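A.B. asks: This is the structure I have questions about; it appears just below.
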Amino acid sequence: MDIILGIKVQDGTIIATSKAATRGISVLKDSDDKTRVLNPHNLVAYTGESGDTVQFAEYVQANVQLYTMRENDIELSPKATASFVRNQLATSIRSRKPYQVNVLIAGYDTKTDTPTLNWIDYLGTQVELPYGAHGYAGFYATSLLDKHYRKDMKVEQGLELLQLCLKELETRMPIDFKGVYIKVVDKDGIKALN
Amino acid sequence: MSRRYDSRTTIFSPEGRLYQVEYAQEAISMAGTAIGILSTEGVVLACEKKVTSKLLDNDGSAEKLYVISDNMICAVAGMTADASILVNNARVNAQSYLKTYNEEIPCEILIKRVCDVKQGYTQHGGLRPFGVSFLYAGYDDRYEFQLFTSNPSGNYSGWKATSIGANNSAAQTLLKKDYKDELTLKEACELAIKVLSKTMDSSNLNSDKLEFATLSLSKTTPGKVIHKIWGESDIDALIKESGVLDEKSQDDD
């Protein structure tokens with residue numbers, strides 16, 4: 001029941017991930033960060049099978065960083081990053097033991113000055129969305145996002161909308177998810193709020 | 001004594017040289033000339049065709065110019081059979097990059113990958129180096145129009161105008177003299193013809209002895225790269241327009 005939410009606004013993309021790491025009926029940790037920084041303008045947030053998630057995210061992280069090293073400090077664009085991740089998951093699903101990982105990739109394309117949010121699931125489905133979520137969080141948050149999301153929103157208004165979603169999640173979710181980490185990807189890179 | 005170090009590609013001679021690699025480069029300097037010129041609006045590649053027989057059944061396709069991907073073309077000097085292996089490798093690499101990243105492969109990445117293959121043949125035992133040099137013309141959104149060369153050793157370098165094959169040093173001197181940074185594509189084509197007309201030994205220049213290709217951006221769709229391998233009539237028209245033949249006949253008088 002991990003929560004990962006993403007909202008793309010005009011000048012950046014916001015990502016929220018729950019802090020609880022659970023196993024069965026126990027909460028193991030209340031400060032678990034379900035994101036990895038791929039490069040200065042790409043952040044991946046993940047949910048899924050607990051061992052697979054970190055393994056996969058760090059594999060992708062290593063490969064994206066390897067690309068930057070090989071290509072004279074040129075960053076992989078958000079589109080290319082998302083395609084690469086999709087390709088990895090699409091290959092994995094056709095293997096003996098597929099990764100059971102779903103991700104959201106928040107990116108900012110410095111060349112075209114556009115923020116992006118990519119939604120990719122373990123089957124290799126990839127879509128670019130204005131807002132999205134994986135898991136149960138989606139059931140509670142999408143209707144709110146459908147109603148209140150505006151294309152011309154800035155990061156500040158995006159964060160207000162996110163708070164609205166989180167309030168709903170706190171009242172409706174059957175277990176305590178220990179709050180969320182909020183991160184914003186914009187032209188200056190990735191920064192963590194709270 | 002030097003014979004002892006000739007037969008294997010991978011063994012250094014006492015002077016620290018790899019003879020087989022040097023011989024491969026030597027073979028290329030006898031192949032037909034190919035020149036490339038970068039302009040503000042695109043890149044031009046031009047080559048000299050060496051084998052011209054009336055009996056040769058030509059299907060119209062160029063023999064030394066290849067399309068590698070949507071944003072890259074190349075010209076070859078040296079052994080065409082070796083070249084086709086590397087061109088195929090380059091095409092596969094370009095498509096596999098496109099498949100993984102959903103973006104066209106940046107020129108330098110592709111060239112680096114092909115050069116890694118070439119380098120491998122100067123180091124692994126029992127193999128012969130590829131007897132080809134390439135001229136690559138490409139476009140990507142990182143560095144826009146680009147011109148590169150690569151040789152059998154696996155080295156590559158970027159140029160504003162350069163040449164490979166026979167008489168390449170003469171061609172290079174001519175290019176150095178006449179190249180300007182603000183050249184248009186048309187001017188670059190004319191310069192290419194002019195240089196070739198002086199380096200080729202044939203007296204009458206015509207489309208039978210030349211191959212021409214240009215890479216430019218579409219005027220209607222932004223960001224779309226157009227590559228064109230020229231037909232005979234286009235080449236003849238360019239030769240006429242550039243006036244190199246007139247100059248020649250004046251020289252003869």
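Every chain in the structure tokens has a letter given in the order shown (A, B, ...), and although residue numbers restart at 1 in each chain, ligands are simply numbered from 1 in the order shown.
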Quick one: which chain B residues come within 8 Å of chain A, and what is the nearest atom pair for each with the distance in Å to one decimal, counting only C-alpha atoms, rows ordered by chain and ascending number, as CSV?

C.D. replies:
residue,atom,partner,partner_atom,distance
B:Thr100,CA,A:Phe84,CA,5.2
B:Tyr101,CA,A:Ala80,CA,4.4
B:Asn102,CA,A:Ala80,CA,6.0
B:Glu103,CA,A:Ala80,CA,6.5
B:Ile109,CA,A:Glu71,CA,7.5

A.B. asks: Could you go through region 122-249 of chain B and tell me which residues DSSP, when run on the backbone, assigns to alpha helix (DSSP H), listing them as an NGL selection string?

C.D. replies: :B and (168-178 or 185-199 or 232-242 or 244-249)

A.B. asks: Selected residues, N, CA and C atoms, written as a compact mmCIF listing (two decimals), in the first residue's frame, please.

C.D. replies:
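For reference, out30.txt as written:
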# COMPACT_ATOMS: atom_id res chain seq x y z
N ASN B 168 44.56 13.18 -50.97
CA ASN B 168 43.83 13.89 -49.90
C ASN B 168 44.58 15.11 -49.37
N SER B 169 45.92 15.05 -49.44
CA SER B 169 46.65 16.22 -48.94
C SER B 169 46.51 17.41 -49.88
N ALA B 170 46.46 17.12 -51.18
CA ALA B 170 46.24 18.20 -52.14
C ALA B 170 44.86 18.81 -51.95
N ALA B 171 43.86 17.92 -51.78
CA ALA B 171 42.49 18.38 -51.57
C ALA B 171 42.40 19.22 -50.30
N GLN B 172 43.08 18.75 -49.27
CA GLN B 172 43.04 19.45 -47.99
C GLN B 172 43.62 20.87 -48.12
N THR B 173 44.71 20.97 -48.89
CA THR B 173 45.33 22.29 -49.08
C THR B 173 44.36 23.23 -49.79
N LEU B 174 43.68 22.69 -50.82
CA LEU B 174 42.70 23.51 -51.54
C LEU B 174 41.55 23.93 -50.64
N LEU B 175 41.11 22.99 -49.82
CA LEU B 175 40.00 23.29 -48.91
C LEU B 175 40.41 24.35 -47.90
N LYS B 176 41.62 24.22 -47.38
CA LYS B 176 42.12 25.16 -46.39
C LYS B 176 42.14 26.58 -46.97
N LYS B 177 42.46 26.63 -48.27
CA LYS B 177 42.56 27.93 -48.92
C LYS B 177 41.17 28.55 -49.13
N ASP B 178 40.22 27.73 -49.55
CA ASP B 178 38.93 28.28 -49.99
C ASP B 178 37.79 28.16 -48.99
N LEU B 185 25.03 26.00 -48.37
CA LEU B 185 25.14 24.62 -48.86
C LEU B 185 25.52 24.59 -50.35
N LYS B 186 24.92 25.52 -51.09
CA LYS B 186 25.19 25.58 -52.52
C LYS B 186 26.67 25.91 -52.79
N GLU B 187 27.17 26.88 -52.02
CA GLU B 187 28.57 27.26 -52.18
C GLU B 187 29.49 26.09 -51.80
N ALA B 188 29.07 25.35 -50.77
CA ALA B 188 29.86 24.19 -50.35
C ALA B 188 29.90 23.14 -51.45
N CYS B 189 28.76 22.91 -52.12
CA CYS B 189 28.70 21.96 -53.22
C CYS B 189 29.64 22.39 -54.35
N GLU B 190 29.61 23.68 -54.64
CA GLU B 190 30.47 24.18 -55.71
C GLU B 190 31.94 24.06 -55.36
N LEU B 191 32.23 24.32 -54.08
CA LEU B 191 33.61 24.18 -53.63
C LEU B 191 34.07 22.72 -53.76
N ALA B 192 33.15 21.81 -53.41
CA ALA B 192 33.47 20.37 -53.51
C ALA B 192 33.81 19.99 -54.95
N ILE B 193 32.99 20.46 -55.89
CA ILE B 193 33.23 20.20 -57.30
C ILE B 193 34.58 20.77 -57.74
N LYS B 194 34.82 22.00 -57.29
CA LYS B 194 36.04 22.70 -57.67
C LYS B 194 37.27 21.91 -57.20
N VAL B 195 37.22 21.49 -55.95
CA VAL B 195 38.36 20.75 -55.39
C VAL B 195 38.55 19.42 -56.11
N LEU B 196 37.43 18.71 -56.32
CA LEU B 196 37.53 17.42 -57.00
C LEU B 196 38.07 17.57 -58.42
N SER B 197 37.63 18.63 -59.10
CA SER B 197 38.07 18.82 -60.48
C SER B 197 39.58 18.99 -60.55
N LYS B 198 40.17 19.50 -59.45
CA LYS B 198 41.61 19.69 -59.46
C LYS B 198 42.38 18.47 -58.97
N THR B 199 41.78 17.68 -58.12
CA THR B 199 42.52 16.54 -57.58
C THR B 199 42.36 15.28 -58.43
N GLU B 232 22.26 11.49 -61.51
CA GLU B 232 23.22 11.94 -62.53
C GLU B 232 22.91 13.34 -63.05
N SER B 233 21.63 13.60 -63.31
CA SER B 233 21.27 14.88 -63.93
C SER B 233 21.59 16.05 -62.98
N ASP B 234 21.34 15.83 -61.68
CA ASP B 234 21.65 16.87 -60.69
C ASP B 234 23.14 17.17 -60.66
N ILE B 235 23.95 16.11 -60.72
CA ILE B 235 25.40 16.29 -60.66
C ILE B 235 25.88 17.04 -61.90
N ASP B 236 25.38 16.62 -63.06
CA ASP B 236 25.78 17.31 -64.29
C ASP B 236 25.40 18.78 -64.26
N ALA B 237 24.20 19.04 -63.72
CA ALA B 237 23.74 20.44 -63.63
C ALA B 237 24.67 21.24 -62.73
N LEU B 238 25.08 20.62 -61.62
CA LEU B 238 25.97 21.31 -60.69
C LEU B 238 27.32 21.59 -61.31
N ILE B 239 27.84 20.60 -62.06
CA ILE B 239 29.14 20.78 -62.71
C ILE B 239 29.06 21.97 -63.68
N LYS B 240 27.97 22.00 -64.42
CA LYS B 240 27.77 23.08 -65.39
C LYS B 240 27.72 24.43 -64.68
N GLU B 241 26.90 24.46 -63.63
CA GLU B 241 26.69 25.71 -62.90
C GLU B 241 27.96 26.23 -62.25
N SER B 242 28.76 25.29 -61.72
CA SER B 242 29.95 25.70 -61.00
C SER B 242 31.02 26.26 -61.95
N VAL B 244 33.41 24.78 -63.57
CA VAL B 244 34.77 24.25 -63.54
C VAL B 244 35.26 23.80 -64.91
N LEU B 245 34.29 23.38 -65.73
CA LEU B 245 34.69 22.91 -67.05
C LEU B 245 35.17 24.07 -67.92
N ASP B 246 34.52 25.23 -67.78
CA ASP B 246 34.92 26.41 -68.55
C ASP B 246 36.35 26.79 -68.20
N GLU B 247 36.63 26.79 -66.89
CA GLU B 247 37.97 27.14 -66.43
C GLU B 247 39.00 26.20 -67.04
N LYS B 248 38.62 24.90 -67.04
CA LYS B 248 39.53 23.89 -67.58
C LYS B 248 39.88 24.18 -69.03
N SER B 249 38.81 24.43 -69.85
CA SER B 249 39.05 24.63 -71.27
C SER B 249 39.88 25.88 -71.51

A.B. asks: From the options B:Ile111, B:Leu98, B:Ala31, B:Ala166, which residue's atoms come nearest to Thr149 (chain B), counting only C-alpha atoms?

C.D. replies: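 The closest residue to Thr149 (chain B) is B:Ile111.
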
A.B. asks: Taking 6 positions as the minimum chain separation for residues in the same chain, which residues sit within 9 Å of region 56-61 of chain A when counting only C-alpha atoms? Answer as a list of chain:residue names.

C.D. replies: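 These residues fall inside the cut-off: A:Thr35, A:Arg36, A:Val37, A:Leu38, A:Asn39, A:Val44, A:Ala45, A:Tyr46, A:Thr81, A:Phe84, A:Val85, A:Gln88, A:Tyr99, A:Val101, A:Val103.
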
A.B. asks: Point out the residue among A:Asp2, A:Asp176, A:Asp152, A:Glu75 with the least atom-to-atom distance to Tyr108 (chain A), counting only C-alpha atoms.

C.D. replies: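 Smallest distance to Tyr108 (chain A) is found for A:Glu75.
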
A.B. asks: Please identify all polymer residues within 10 Å of His227 (chain B), counting only C-alpha atoms, omitting same-chain residues fewer than 2 positions from it, and present them as an MDAnalysis selection string.

C.D. replies: chainID B and resid 42:44 67 69:73 137:138 213:218 224:225 229:230
